[in-house]
file coords.pdb (PDB, C-alpha atoms)
ATOM      1  CA  MET T  47      77.774  -4.401 -30.587
ATOM      2  CA  VAL T  48      77.972  -3.552 -26.868
ATOM      3  CA  ALA T  49      75.143  -4.694 -24.631
ATOM      4  CA  GLU T  50      73.883  -2.166 -22.120
ATOM      5  CA  PRO T  51      74.257  -3.276 -18.509
ATOM      6  CA  LEU T  52      71.060  -4.325 -16.799
ATOM      7  CA  PRO T  53      69.658  -1.835 -14.312
ATOM      8  CA  GLN T  54      70.791  -2.453 -10.783
ATOM      9  CA  TYR T  55      68.189  -3.261  -8.120
ATOM     10  CA  ARG T  56      67.766  -0.431  -5.661
ATOM     11  CA  PRO T  57      65.624  -0.923  -2.555
ATOM     12  CA  ARG T  58      63.036   1.822  -2.101
ATOM     13  CA  HIS T  59      63.603   2.517   1.638
ATOM     14  CA  PRO T  60      60.027   3.402   2.612
ATOM     15  CA  GLU T  61      61.157   4.325   6.131
ATOM     16  CA  CYS T  62      62.724   7.518   4.721
ATOM     17  CA  SER T  63      59.400   9.038   3.607
ATOM     18  CA  ALA T  64      57.599  11.561   5.808
ATOM     19  CA  PHE T  65      54.357   9.589   5.392
ATOM     20  CA  TYR T  66      55.982   6.430   6.752
ATOM     21  CA  GLN T  67      57.637   8.306   9.630
ATOM     22  CA  LEU T  68      54.322   9.892  10.594
ATOM     23  CA  PHE T  69      52.655   6.495  10.982
ATOM     24  CA  GLU T  70      55.670   4.914  12.632
ATOM     25  CA  THR T  71      55.873   7.607  15.306
ATOM     26  CA  CYS T  72      52.219   8.569  15.850
ATOM     27  CA  PHE T  73      49.931   5.654  14.991
ATOM     28  CA  ASP T  74      50.286   3.774  18.288
ATOM     29  CA  SER T  75      49.282   6.854  20.294
ATOM     30  CA  TYR T  76      46.371   7.407  17.884
ATOM     31  CA  VAL T  77      45.132   3.843  18.458
ATOM     32  CA  HIS T  78      45.467   4.185  22.255
ATOM     33  CA  GLY T  79      43.583   7.508  22.273
ATOM     34  CA  TYR T  80      40.959   6.558  19.683
ATOM     35  CA  GLU T  81      38.417   5.088  22.096
ATOM     36  CA  GLU T  82      38.397   8.164  24.307
ATOM     37  CA  ARG T  83      38.557  10.817  21.590
ATOM     38  CA  PHE T  84      36.718   9.433  18.543
ATOM     39  CA  GLU T  85      34.749   6.254  19.271
ATOM     40  CA  SER T  86      31.579   7.980  20.501
ATOM     41  CA  ARG T  87      31.392  10.026  17.302
ATOM     42  CA  SER T  88      32.826   7.649  14.683
ATOM     43  CA  GLY T  89      32.259   4.183  16.116
ATOM     44  CA  PRO T  90      34.897   1.625  17.071
ATOM     45  CA  LEU T  91      38.181   1.486  15.219
ATOM     46  CA  ARG T  92      37.884  -1.280  12.655
ATOM     47  CA  PRO T  93      40.521  -4.022  12.944
ATOM     48  CA  VAL T  94      41.327  -3.646   9.233
ATOM     49  CA  VAL T  95      42.721  -0.150   9.926
ATOM     50  CA  VAL T  96      45.345  -1.391  12.381
ATOM     51  CA  ARG T  97      46.142  -4.387  10.153
ATOM     52  CA  SER T  98      46.587  -2.132   7.078
ATOM     53  CA  VAL T  99      48.922   0.237   8.907
ATOM     54  CA  ASP T 100      50.960  -2.682  10.303
ATOM     55  CA  ASP T 101      51.230  -4.161   6.786
ATOM     56  CA  PHE T 102      52.223  -0.746   5.414
ATOM     57  CA  LEU T 103      54.949  -0.343   8.041
ATOM     58  CA  SER T 104      56.448  -3.752   7.211
ATOM     59  CA  CYS T 105      56.069  -3.401   3.413
ATOM     60  CA  GLY T 106      59.378  -3.148   1.604
ATOM     61  CA  ARG T 107      61.380  -3.615   4.818
ATOM     62  CA  LEU T 108      63.664  -6.564   5.367
ATOM     63  CA  GLN T 109      62.330  -6.818   8.941
ATOM     64  CA  GLY T 110      58.934  -7.769   7.460
ATOM     65  CA  GLY T 111      60.423 -10.753   5.630
ATOM     66  CA  PHE T 112      62.442 -11.162   2.464
ATOM     67  CA  ALA T 113      63.501 -13.500  -0.313
ATOM     68  CA  ARG T 114      67.138 -14.133  -1.212
ATOM     69  CA  ILE T 115      67.610 -13.809  -4.965
ATOM     70  CA  ARG T 116      70.737 -15.068  -6.738
ATOM     71  CA  CYS T 117      71.792 -14.444 -10.312
ATOM     72  CA  THR T 118      72.493 -17.784 -12.011
ATOM     73  CA  LYS T 119      75.246 -16.268 -14.170
ATOM     74  CA  CYS T 120      77.291 -14.075 -11.810
ATOM     75  CA  HIS T 121      76.048 -15.596  -8.515
ATOM     76  CA  LYS T 122      75.479 -12.142  -7.046
ATOM     77  CA  GLU T 123      72.813 -12.122  -4.316
ATOM     78  CA  HIS T 124      70.168  -9.598  -3.328
ATOM     79  CA  LEU T 125      67.631  -9.544  -0.529
ATOM     80  CA  LEU T 126      64.186  -8.573  -1.783
ATOM     81  CA  ALA T 127      61.797  -7.386   0.921
ATOM     82  CA  PHE T 128      58.248  -8.741   0.806
ATOM     83  CA  SER T 129      55.349  -6.514  -0.124
ATOM     84  CA  GLY T 130      52.600  -5.796   2.402
ATOM     85  CA  ARG T 131      49.920  -5.879  -0.352
ATOM     86  CA  THR T 132      47.856  -3.200   1.342
ATOM     87  CA  ARG T 133      45.062  -1.860  -0.831
ATOM     88  CA  ASN T 134      44.869   1.874  -1.464
ATOM     89  CA  PHE T 135      47.211   2.720   1.400
ATOM     90  CA  CYS T 136      50.749   1.884   0.386
ATOM     91  CA  SER T 137      51.660   3.776  -2.784
ATOM     92  CA  SER T 138      54.112   1.087  -3.890
ATOM     93  CA  CYS T 139      51.581  -1.731  -3.487
ATOM     94  CA  GLN T 140      48.857   0.320  -5.167
ATOM     95  CA  ALA T 141      51.098   1.167  -8.139
ATOM     96  CA  LYS T 142      51.887  -2.524  -8.646
ATOM     97  CA  ARG T 143      48.207  -3.418  -8.279
ATOM     98  CA  SER T 144      47.239  -0.760 -10.847
ATOM     99  CA  VAL T 145      49.785  -2.026 -13.379
ATOM    100  CA  LEU T 146      48.627  -5.628 -12.957
ATOM    101  CA  PHE T 147      44.968  -4.599 -13.301
ATOM    102  CA  ALA T 148      45.738  -2.559 -16.452
ATOM    103  CA  GLU T 149      47.515  -5.574 -17.964
ATOM    104  CA  LYS T 150      44.528  -7.799 -17.146
ATOM    105  CA  LEU T 151      42.116  -5.272 -18.674
ATOM    106  CA  THR T 152      44.024  -5.051 -21.942
ATOM    107  CA  ALA T 153      44.805  -8.772 -22.195
ATOM    108  CA  GLU T 154      41.546 -10.370 -21.020
ATOM    109  CA  ILE T 155      38.652  -7.930 -20.652
ATOM    110  CA  LEU T 156      38.651  -5.025 -23.104
ATOM    111  CA  ALA T 157      38.129  -5.561 -26.802
ATOM    112  CA  PRO T 158      41.012  -4.381 -29.019
ATOM    113  CA  VAL T 159      39.250  -1.124 -29.948
ATOM    114  CA  PRO T 160      39.809   2.459 -28.773
ATOM    115  CA  HIS T 161      38.414   3.207 -25.329
ATOM    116  CA  ARG T 162      37.725   6.416 -23.483
ATOM    117  CA  HIS T 163      37.684   6.925 -19.730
ATOM    118  CA  TRP T 164      35.866   9.686 -17.864
ATOM    119  CA  THR T 165      36.097  10.562 -14.203
ATOM    120  CA  PHE T 166      33.454  12.651 -12.504
ATOM    121  CA  SER T 167      33.929  14.144  -9.075
ATOM    122  CA  ILE T 168      31.557  15.907  -6.742
ATOM    123  CA  PRO T 169      32.549  19.500  -5.825
ATOM    124  CA  ARG T 170      33.395  19.834  -2.130
ATOM    125  CA  VAL T 171      30.509  22.241  -1.601
ATOM    126  CA  LEU T 172      28.022  19.516  -2.648
ATOM    127  CA  ARG T 173      29.628  16.510  -0.953
ATOM    128  CA  GLY T 174      27.729  17.014   2.300
ATOM    129  CA  LEU T 175      24.429  17.017   0.381
ATOM    130  CA  PHE T 176      25.266  13.712  -1.321
ATOM    131  CA  GLU T 177      26.434  12.282   2.001
ATOM    132  CA  ARG T 178      23.063  13.067   3.615
ATOM    133  CA  GLU T 179      20.849  12.372   0.571
ATOM    134  CA  ARG T 180      22.229   9.070  -0.743
ATOM    135  CA  ALA T 181      19.335   8.688  -3.209
ATOM    136  CA  LEU T 182      20.790  11.603  -5.192
ATOM    137  CA  LEU T 183      23.755   9.443  -6.178
ATOM    138  CA  GLY T 184      21.528   7.582  -8.648
ATOM    139  CA  LEU T 185      20.494  10.877 -10.263
ATOM    140  CA  LEU T 186      24.142  11.967 -10.315
ATOM    141  CA  SER T 187      25.141   8.775 -12.114
ATOM    142  CA  GLN T 188      22.314   9.149 -14.649
ATOM    143  CA  THR T 189      23.348  12.751 -15.315
ATOM    144  CA  ALA T 190      26.983  11.754 -15.827
ATOM    145  CA  TYR T 191      25.907   8.986 -18.212
ATOM    146  CA  ALA T 192      23.665  11.419 -20.158
ATOM    147  CA  SER T 193      26.524  13.905 -20.512
ATOM    148  CA  ILE T 194      28.787  11.165 -21.900
ATOM    149  CA  LEU T 195      26.139  10.129 -24.417
ATOM    150  CA  LYS T 196      25.671  13.751 -25.453
ATOM    151  CA  SER T 197      29.393  14.118 -26.077
ATOM    152  CA  LEU T 198      29.347  10.982 -28.262
ATOM    153  CA  ILE T 199      26.750  12.329 -30.725
ATOM    154  CA  GLY T 200      28.074  11.875 -34.247
ATOM    155  CA  ILE T 201      30.685   9.328 -33.233
ATOM    156  CA  ARG T 202      30.537   5.853 -34.707
ATOM    157  CA  PRO T 203      28.323   3.524 -32.618
ATOM    158  CA  GLY T 204      29.902   1.433 -29.938
ATOM    159  CA  ARG T 205      29.112   0.318 -26.442
ATOM    160  CA  SER T 206      28.649   2.553 -23.438
ATOM    161  CA  GLY T 207      28.825   1.479 -19.830
ATOM    162  CA  SER T 208      28.674   2.999 -16.393
ATOM    163  CA  THR T 209      30.332   2.099 -13.122
ATOM    164  CA  LYS T 210      29.186   3.574  -9.845
ATOM    165  CA  THR T 211      31.123   3.460  -6.619
ATOM    166  CA  ARG T 212      29.335   3.984  -3.337
ATOM    167  CA  ALA T 213      30.570   3.820   0.194
ATOM    168  CA  ARG T 214      28.868   1.392   2.566
ATOM    169  CA  GLU T 215      28.652   3.997   5.294
ATOM    170  CA  ALA T 216      28.566   7.746   4.947
ATOM    171  CA  ARG T 217      31.709   9.031   6.608
ATOM    172  CA  SER T 218      33.066  12.477   5.916
ATOM    173  CA  SER T 219      36.602  11.122   5.421
ATOM    174  CA  GLU T 220      35.436   9.175   2.359
ATOM    175  CA  TRP T 221      34.416  12.398   0.637
ATOM    176  CA  LEU T 222      37.690  14.276   1.007
TER     177      LEU T 222
END
call {"tool": "encode", "arguments": {"input": "coords.pdb", "output": "structure tokens"}}
result
Amino acid sequence: MVAEPLPQYRPRHPECSAFYQLFETCFDSYVHGYEERFESRSGPLRPVVVRSVDDFLSCGRLQGGFARIRCTKCHKEHLLAFSGRTRNFCSSCQAKRSVLFAEKLTAEILAPVPHRHWTFSIPRVLRGLFERERALLGLLSQTAYASILKSLIGIRPGRSGSTKTRAREARSSEWL
């Protein structure tokens, strides 16, 4: 019996993506021009924005720090770049975070029974209304919950739950 060779580690080279290059080349000028162009309309630039972009730009790059990993059998070495751990900004970090959360859900939180997941979104035409009339979000959530219950008629009893997500401040960028 022949054992298949283990997959070889391949660094992801985030600096090659257009998204990365956009932030690397343009973000500093955006930060310098923000006060003049956007602050009066949108408020001051939050420090977390600059910190998240800096973490994103160093994520997966050896310049941002790395660990040296050595195989105990063949003594081959690899440099593994540290992760920036930025939430919802770096696709690599978010993918890892999603996998870890899914593992935690199945191992520790959810009962070993079938589950169903629904996602409701607000049509673009109505997003401005919900941005201005925040009280309507409660009605929206109740309506979504009622539609789920209606679809479950005739299905064996179980538990139903609802999770709402609301932004702290109404900003148009959060609705896109």
call {"tool": "atom_distance", "arguments": {"input": "coords.pdb", "atom1": "CA of Phe128 (chain T)", "atom2": "CA of Ser104 (chain T)"}}
result
8.3 Å
call {"tool": "atom_distance", "arguments": {"input": "coords.pdb", "atom1": "CA of His161 (chain T)", "atom2": "CA of Ala141 (chain T)"}}
result
21.5 Å
call {"tool": "residues_near_point", "arguments": {"input": "coords.pdb", "point": "(48.5, -3.4, 0.8)", "cutoff": "9 Å", "atoms": "all atoms listed in the file", "output": "tab-separated table (two decimals) with C-alpha atoms, keeping the file's coordinate frame"}}
result
chain	number	residue	atom	x	y	z
T	98	SER	CA	46.59	-2.13	7.08
T	99	VAL	CA	48.92	0.24	8.91
T	101	ASP	CA	51.23	-4.16	6.79
T	102	PHE	CA	52.22	-0.75	5.41
T	105	CYS	CA	56.07	-3.40	3.41
T	129	SER	CA	55.35	-6.51	-0.12
T	130	GLY	CA	52.60	-5.80	2.40
T	131	ARG	CA	49.92	-5.88	-0.35
T	132	THR	CA	47.86	-3.20	1.34
T	133	ARG	CA	45.06	-1.86	-0.83
T	134	ASN	CA	44.87	1.87	-1.46
T	135	PHE	CA	47.21	2.72	1.40
T	136	CYS	CA	50.75	1.88	0.39
T	137	SER	CA	51.66	3.78	-2.78
T	138	SER	CA	54.11	1.09	-3.89
T	139	CYS	CA	51.58	-1.73	-3.49
T	140	GLN	CA	48.86	0.32	-5.17
call {"tool": "axis_aligned_box", "arguments": {"input": "coords.pdb", "around": "region 101-117 of chain T", "padding_each_side": "6 Å", "output": "lines of an AutoDock Vina configuration file"}}
result
center_x = 61.5
center_y = -7.7
center_z = -0.7
size_x = 32.6
size_y = 26.7
size_z = 31.3
call {"tool": "residues_around", "arguments": {"input": "coords.pdb", "residues": "Tyr76 (chain T)", "least_positions_apart": "6", "cutoff": "12 Å", "atoms": "all atoms listed in the file", "output": "list in words"}}
result
Leu68, Phe69, Glu70, Glu82, Arg83, Phe84, Glu85, Leu91, Val95, Val96 and Val99 of chain T
call {"tool": "atom_distance", "arguments": {"input": "coords.pdb", "atom1": "CA of Ser88 (chain T)", "atom2": "CA of Glu177 (chain T)"}}
result
14.9 Å
call {"tool": "resolve_selection", "arguments": {"input": "coords.pdb", "expression": "the PyMOL selection byres ((chain T and resi 106-115) around 8)", "output": "VMD selection string"}}
result
chain T and resid 57 to 60 103 to 105 116 to 117 123 to 130
call {"tool": "resolve_selection", "arguments": {"input": "coords.pdb", "expression": "the PyMOL selection byres ((chain T and resi 162-166) around 9)", "output": "number ranges by chain"}}
result
T: 160-161, 167-168, 190, 194
call {"tool": "decode", "arguments": {"input": "coords.pdb", "residues": "region 131-199 of chain T", "atoms": "C-alpha atoms", "output": "PDB file, in the first residue's frame"}}
result
ATOM      1  CA  ARG T 131      -7.355  38.386  12.830  1.00  0.00           C
ATOM      2  CA  THR T 132      -9.401  41.211  11.367  1.00  0.00           C
ATOM      3  CA  ARG T 133     -13.135  40.665  11.653  1.00  0.00           C
ATOM      4  CA  ASN T 134     -15.250  40.807   8.510  1.00  0.00           C
ATOM      5  CA  PHE T 135     -12.542  42.528   6.482  1.00  0.00           C
ATOM      6  CA  CYS T 136      -9.884  40.004   5.585  1.00  0.00           C
ATOM      7  CA  SER T 137     -11.449  37.111   3.677  1.00  0.00           C
ATOM      8  CA  SER T 138      -8.835  34.647   4.927  1.00  0.00           C
ATOM      9  CA  CYS T 139      -9.341  35.590   8.583  1.00  0.00           C
ATOM     10  CA  GLN T 140     -13.122  35.574   8.184  1.00  0.00           C
ATOM     11  CA  ALA T 141     -13.099  32.127   6.545  1.00  0.00           C
ATOM     12  CA  LYS T 142     -11.052  30.723   9.434  1.00  0.00           C
ATOM     13  CA  ARG T 143     -13.329  32.438  11.954  1.00  0.00           C
ATOM     14  CA  SER T 144     -16.423  30.997  10.235  1.00  0.00           C
ATOM     15  CA  VAL T 145     -15.016  27.460  10.277  1.00  0.00           C
ATOM     16  CA  LEU T 146     -14.099  27.715  13.964  1.00  0.00           C
ATOM     17  CA  PHE T 147     -17.544  29.111  14.829  1.00  0.00           C
ATOM     18  CA  ALA T 148     -19.275  26.318  12.857  1.00  0.00           C
ATOM     19  CA  GLU T 149     -17.218  23.719  14.739  1.00  0.00           C
ATOM     20  CA  LYS T 150     -18.159  25.324  18.069  1.00  0.00           C
ATOM     21  CA  LEU T 151     -21.845  25.393  17.095  1.00  0.00           C
ATOM     22  CA  THR T 152     -21.929  21.714  16.182  1.00  0.00           C
ATOM     23  CA  ALA T 153     -19.761  20.536  19.085  1.00  0.00           C
ATOM     24  CA  GLU T 154     -21.035  22.679  21.973  1.00  0.00           C
ATOM     25  CA  ILE T 155     -24.207  24.627  21.195  1.00  0.00           C
ATOM     26  CA  LEU T 156     -26.613  22.927  18.792  1.00  0.00           C
ATOM     27  CA  ALA T 157     -28.426  19.754  19.728  1.00  0.00           C
ATOM     28  CA  PRO T 158     -27.720  16.767  17.446  1.00  0.00           C
ATOM     29  CA  VAL T 159     -30.965  17.222  15.486  1.00  0.00           C
ATOM     30  CA  PRO T 160     -31.623  18.640  12.010  1.00  0.00           C
ATOM     31  CA  HIS T 161     -31.500  22.424  11.819  1.00  0.00           C
ATOM     32  CA  ARG T 162     -32.655  24.899   9.226  1.00  0.00           C
ATOM     33  CA  HIS T 163     -31.238  28.353   8.580  1.00  0.00           C
ATOM     34  CA  TRP T 164     -33.055  31.242   6.919  1.00  0.00           C
ATOM     35  CA  THR T 165     -31.636  34.562   5.827  1.00  0.00           C
ATOM     36  CA  PHE T 166     -33.862  37.534   5.158  1.00  0.00           C
ATOM     37  CA  SER T 167     -32.635  40.648   3.422  1.00  0.00           C
ATOM     38  CA  ILE T 168     -34.221  44.019   2.872  1.00  0.00           C
ATOM     39  CA  PRO T 169     -34.665  45.027  -0.805  1.00  0.00           C
ATOM     40  CA  ARG T 170     -32.511  48.028  -1.717  1.00  0.00           C
ATOM     41  CA  VAL T 171     -35.590  50.111  -2.480  1.00  0.00           C
ATOM     42  CA  LEU T 172     -36.751  49.758   1.157  1.00  0.00           C
ATOM     43  CA  ARG T 173     -33.398  50.094   2.927  1.00  0.00           C
ATOM     44  CA  GLY T 174     -33.640  53.878   3.202  1.00  0.00           C
ATOM     45  CA  LEU T 175     -37.049  53.544   4.886  1.00  0.00           C
ATOM     46  CA  PHE T 176     -35.673  51.119   7.484  1.00  0.00           C
ATOM     47  CA  GLU T 177     -32.642  53.356   7.986  1.00  0.00           C
ATOM     48  CA  ARG T 178     -34.879  56.338   8.813  1.00  0.00           C
ATOM     49  CA  GLU T 179     -37.638  54.428  10.658  1.00  0.00           C
ATOM     50  CA  ARG T 180     -35.669  52.124  12.970  1.00  0.00           C
ATOM     51  CA  ALA T 181     -38.836  51.067  14.831  1.00  0.00           C
ATOM     52  CA  LEU T 182     -39.910  49.178  11.697  1.00  0.00           C
ATOM     53  CA  LEU T 183     -37.086  46.696  12.232  1.00  0.00           C
ATOM     54  CA  GLY T 184     -39.071  45.109  15.071  1.00  0.00           C
ATOM     55  CA  LEU T 185     -42.077  44.653  12.771  1.00  0.00           C
ATOM     56  CA  LEU T 186     -39.772  43.265  10.076  1.00  0.00           C
ATOM     57  CA  SER T 187     -38.365  40.705  12.503  1.00  0.00           C
ATOM     58  CA  GLN T 188     -41.851  39.686  13.673  1.00  0.00           C
ATOM     59  CA  THR T 189     -42.973  39.265  10.061  1.00  0.00           C
ATOM     60  CA  ALA T 190     -39.942  37.121   9.229  1.00  0.00           C
ATOM     61  CA  TYR T 191     -40.592  34.976  12.309  1.00  0.00           C
ATOM     62  CA  ALA T 192     -44.290  34.585  11.360  1.00  0.00           C
ATOM     63  CA  SER T 193     -43.360  33.492   7.836  1.00  0.00           C
ATOM     64  CA  ILE T 194     -40.996  30.846   9.239  1.00  0.00           C
ATOM     65  CA  LEU T 195     -43.700  29.532  11.558  1.00  0.00           C
ATOM     66  CA  LYS T 196     -46.156  29.412   8.667  1.00  0.00           C
ATOM     67  CA  SER T 197     -43.724  27.360   6.604  1.00  0.00           C
ATOM     68  CA  LEU T 198     -43.322  24.901   9.503  1.00  0.00           C
ATOM     69  CA  ILE T 199     -47.036  24.014   9.707  1.00  0.00           C
TER      70      ILE T 199
END
